[in-house]
Amino acid sequence: MRRQTLRYIYFTIVIVAIIVIAGSVLLQLRSTSSPLIGQSISNDVYNQLLEISNQGYNISALPTNYFKVLPLNFSSNGKPAIIYVGAEWCPYCAAERWALIIALLRFGNFSNLEYMLSSSTDVYPNTPTFTFANSTYSSTYISFYGIEYQDRNYQPLDKVPTQIYNMWEEYGNLSIPFIITEYYYKVGTSIDPGLISGHNWTYVLEQLQNPNSLVYKEIYSEANLITEMICKVDGYKPYNVCSHFMQDSSNNSPLYLVPSLPSQRRDSSVSSSLIPPLIREYISHFVSSQKAPT
């Protein structure tokens, strides 16, 4: 009888411990100042990202001429290179990463993505996102290089290779996020960080399951643009992804650009009212005090 009682007590303690741990993780996911920052995302969150990467094709992509042409062709191991330059503190990068990750998961897989929030002291504070700082990416079709130039506290993090830095400086004016798809580039994001700032990862994941949500529409519009540009440079592979964009590959819609931002050490700015509300860029801009890396 005593053994059964002890066994029951032990079983109860184990169940309570599991509930407490699960509740703690869920609470952290819903927090905007979470100790999860810098930790690898859970398998459950990664599986949700995989799931949402397979949907959203019902949302029209932004015009492909949102991207411009570079004089250099970036590739690695015979595959087109997709390059991202951003910073962990940047709220616009935070919003853009959601779309970029969705697009990239359509072509390959990540490992070691980590939870991140944008700076708590910049505009759109604590925008939930992920960081590429310690991640790796594998794909049959493309190579990906995620460069986080500064961390959440504005300290140097990843070094930017010289050729990429030169393109970023000349064509991106050191603005972030800056994205290259082989020989195309774009600056900024069309996603309004204000839609997710102050929320959490769980909130964004839930919104990306709701086709009526503005978060859904803006993130998938950007994700589909990036997906289409990748399809253009990798020969429209794989077919199950790129077939969604084959009829729209010659989009000639007009491009609207954000006026140049004043040179400041770091200053987050939003596109002005001159930019139509459905085609706008949100840009973080700063001038590095360091010279181009060698």
# chains A, B, ... in the order shown; residues from 1 in each chain; ligands from 1

$ residues_around --residues "A:Tyr115" --least-positions-apart "5" --cutoff "6 Å" --atoms "only C-alpha atoms" --output "list in words"
Ile37, Gly38, Gln39, Ile41 and Phe130 of chain A

$ residues_around --residues "A:Pro128" --least-positions-apart "3" --cutoff "6 Å" --atoms "only C-alpha atoms" --output "NGL selection string"
:A and (117 or 200-201)

$ write_last_selection --atoms "all heavy atoms" --output "short mmCIF file (atom, residue, chain, number, x, y, z; two decimals), in the first residue's frame"
data_model
loop_
_atom_site.label_atom_id
_atom_site.label_comp_id
_atom_site.auth_asym_id
_atom_site.auth_seq_id
_atom_site.Cartn_x
_atom_site.Cartn_y
_atom_site.Cartn_z
N LEU A 117 14.28 39.73 -30.20
CA LEU A 117 13.41 40.91 -30.20
C LEU A 117 14.25 42.08 -30.67
O LEU A 117 15.44 42.16 -30.36
CB LEU A 117 12.88 41.21 -28.80
CG LEU A 117 11.95 40.19 -28.14
CD1 LEU A 117 11.67 40.60 -26.70
CD2 LEU A 117 10.66 40.05 -28.91
N ASN A 200 4.28 39.19 -29.65
CA ASN A 200 5.19 38.09 -29.37
C ASN A 200 5.18 37.11 -30.53
O ASN A 200 4.40 37.25 -31.47
CB ASN A 200 4.78 37.40 -28.06
CG ASN A 200 3.30 37.11 -28.04
OD1 ASN A 200 2.82 36.31 -28.83
ND2 ASN A 200 2.56 37.78 -27.16
N TRP A 201 6.02 36.10 -30.42
CA TRP A 201 6.14 35.12 -31.50
C TRP A 201 4.83 34.37 -31.73
O TRP A 201 4.43 34.13 -32.86
CB TRP A 201 7.26 34.13 -31.17
CG TRP A 201 8.60 34.78 -31.02
CD1 TRP A 201 9.46 35.13 -32.02
CD2 TRP A 201 9.24 35.15 -29.80
NE1 TRP A 201 10.59 35.71 -31.49
CE2 TRP A 201 10.49 35.73 -30.13
CE3 TRP A 201 8.88 35.06 -28.45
CZ2 TRP A 201 11.39 36.20 -29.17
CZ3 TRP A 201 9.76 35.53 -27.49
CH2 TRP A 201 11.00 36.09 -27.84
#

$ atom_distance --atom1 "atom CA of A:Leu214" --atom2 "atom CA of A:Glu228"
20.9 Å

$ closest_residue --among "A:Ile179, A:Ile59, A:Leu113, A:Ile82" --to "A:Ser40" --atoms "only C-alpha atoms"
A:Leu113

$ select_by_dssp --residues "stretch 110-163 of chain A" --states "strand (DSSP E)" --output "ChimeraX atom specification"
/A:110-111,114-117,128-131,136-139,143-148

$ write_last_selection --atoms "C-alpha atoms" --output "PDB file, in the first residue's frame"
ATOM      1  CA  PHE A 110      17.353  26.124 -41.287  1.00  0.00           C
ATOM      2  CA  SER A 111      19.027  24.907 -38.156  1.00  0.00           C
ATOM      3  CA  GLU A 114      17.227  31.766 -32.412  1.00  0.00           C
ATOM      4  CA  TYR A 115      14.523  33.886 -30.812  1.00  0.00           C
ATOM      5  CA  MET A 116      15.152  37.622 -30.969  1.00  0.00           C
ATOM      6  CA  LEU A 117      13.413  40.907 -30.199  1.00  0.00           C
ATOM      7  CA  PRO A 128       9.380  39.698 -32.181  1.00  0.00           C
ATOM      8  CA  THR A 129      11.588  37.966 -34.720  1.00  0.00           C
ATOM      9  CA  PHE A 130      14.506  35.572 -35.083  1.00  0.00           C
ATOM     10  CA  THR A 131      18.215  36.053 -35.657  1.00  0.00           C
ATOM     11  CA  THR A 136      22.902  27.511 -40.803  1.00  0.00           C
ATOM     12  CA  TYR A 137      20.920  26.950 -43.973  1.00  0.00           C
ATOM     13  CA  SER A 138      20.953  24.077 -46.450  1.00  0.00           C
ATOM     14  CA  SER A 139      19.331  23.888 -49.867  1.00  0.00           C
ATOM     15  CA  SER A 143      22.989  29.320 -50.803  1.00  0.00           C
ATOM     16  CA  PHE A 144      22.043  31.727 -48.028  1.00  0.00           C
ATOM     17  CA  TYR A 145      24.198  34.088 -45.984  1.00  0.00           C
ATOM     18  CA  GLY A 146      22.461  35.864 -43.126  1.00  0.00           C
ATOM     19  CA  ILE A 147      24.640  38.673 -41.805  1.00  0.00           C
ATOM     20  CA  GLU A 148      23.600  40.373 -38.567  1.00  0.00           C
TER      21      GLU A 148
END

$ atom_distance --atom1 "atom CA of A:Leu105" --atom2 "atom CA of A:Tyr216"
16.7 Å

$ closest_residue --among "A:Phe107, A:Ser213, A:Leu225, A:Ser119" --to "A:Pro80" --atoms "only C-alpha atoms"
A:Phe107

$ closest_residue --among "A:Leu49, A:Val241, A:Leu36, A:Ile142" --to "A:Glu206" --atoms "only C-alpha atoms"
A:Leu49

$ select_by_dssp --residues "stretch 3-198 of chain A" --states "alpha helix (DSSP H)" --output "PyMOL selection string"
chain A and resi 3-29+43-53+91-105+162-172

$ residues_around --residues "stretch 51-56 of chain A" --least-positions-apart "3" --cutoff "8 Å" --atoms "only C-alpha atoms" --output "ChimeraX atom specification"
/A:47-48,59,102-103,105-106,208-209,211,216,220,224

$ closest_residue --among "A:Asn43, A:Ile180, A:Leu205, A:Tyr92" --to "A:Gln163" --atoms "only C-alpha atoms"
A:Ile180

$ residues_around --residues "A:Pro177" --least-positions-apart "4" --cutoff "7 Å" --atoms "only C-alpha atoms" --output "list of chain:residue names"
A:Val85, A:Gly86, A:Tyr92, A:Cys93, A:Val187, A:Gly188, A:Ile283

$ residues_around --residues "A:Ile164" --least-positions-apart "2" --cutoff "12 Å" --atoms "only C-alpha atoms" --output "PyMOL selection string"
chain A and resi 70-75+81-85+145-147+149+159-162+166-172+174+178-183+185+292-294

$ residues_around --residues "A:Lys68" --least-positions-apart "3" --cutoff "7 Å" --atoms "only C-alpha atoms" --output "ChimeraX atom specification"
/A:65,184-186

$ write_last_selection --atoms "N, CA, C and O atoms" --output "PDB file, in the first residue's frame"
ATOM      1  N   ASN A  65      10.068  44.448 -59.904  1.00  0.00           N
ATOM      2  CA  ASN A  65      11.027  45.540 -60.112  1.00  0.00           C
ATOM      3  C   ASN A  65      11.218  46.373 -58.850  1.00  0.00           C
ATOM      4  O   ASN A  65      11.835  47.424 -58.874  1.00  0.00           O
ATOM      5  N   TYR A 184      20.400  40.688 -58.055  1.00  0.00           N
ATOM      6  CA  TYR A 184      19.376  41.686 -57.767  1.00  0.00           C
ATOM      7  C   TYR A 184      19.523  42.114 -56.302  1.00  0.00           C
ATOM      8  O   TYR A 184      20.038  41.369 -55.482  1.00  0.00           O
ATOM      9  N   TYR A 185      19.040  43.306 -55.986  1.00  0.00           N
ATOM     10  CA  TYR A 185      19.080  43.743 -54.594  1.00  0.00           C
ATOM     11  C   TYR A 185      17.863  44.602 -54.286  1.00  0.00           C
ATOM     12  O   TYR A 185      17.222  45.174 -55.180  1.00  0.00           O
ATOM     13  N   LYS A 186      17.547  44.693 -53.021  1.00  0.00           N
ATOM     14  CA  LYS A 186      16.530  45.630 -52.565  1.00  0.00           C
ATOM     15  C   LYS A 186      16.884  46.115 -51.164  1.00  0.00           C
ATOM     16  O   LYS A 186      17.600  45.450 -50.419  1.00  0.00           O
TER      17      LYS A 186
END
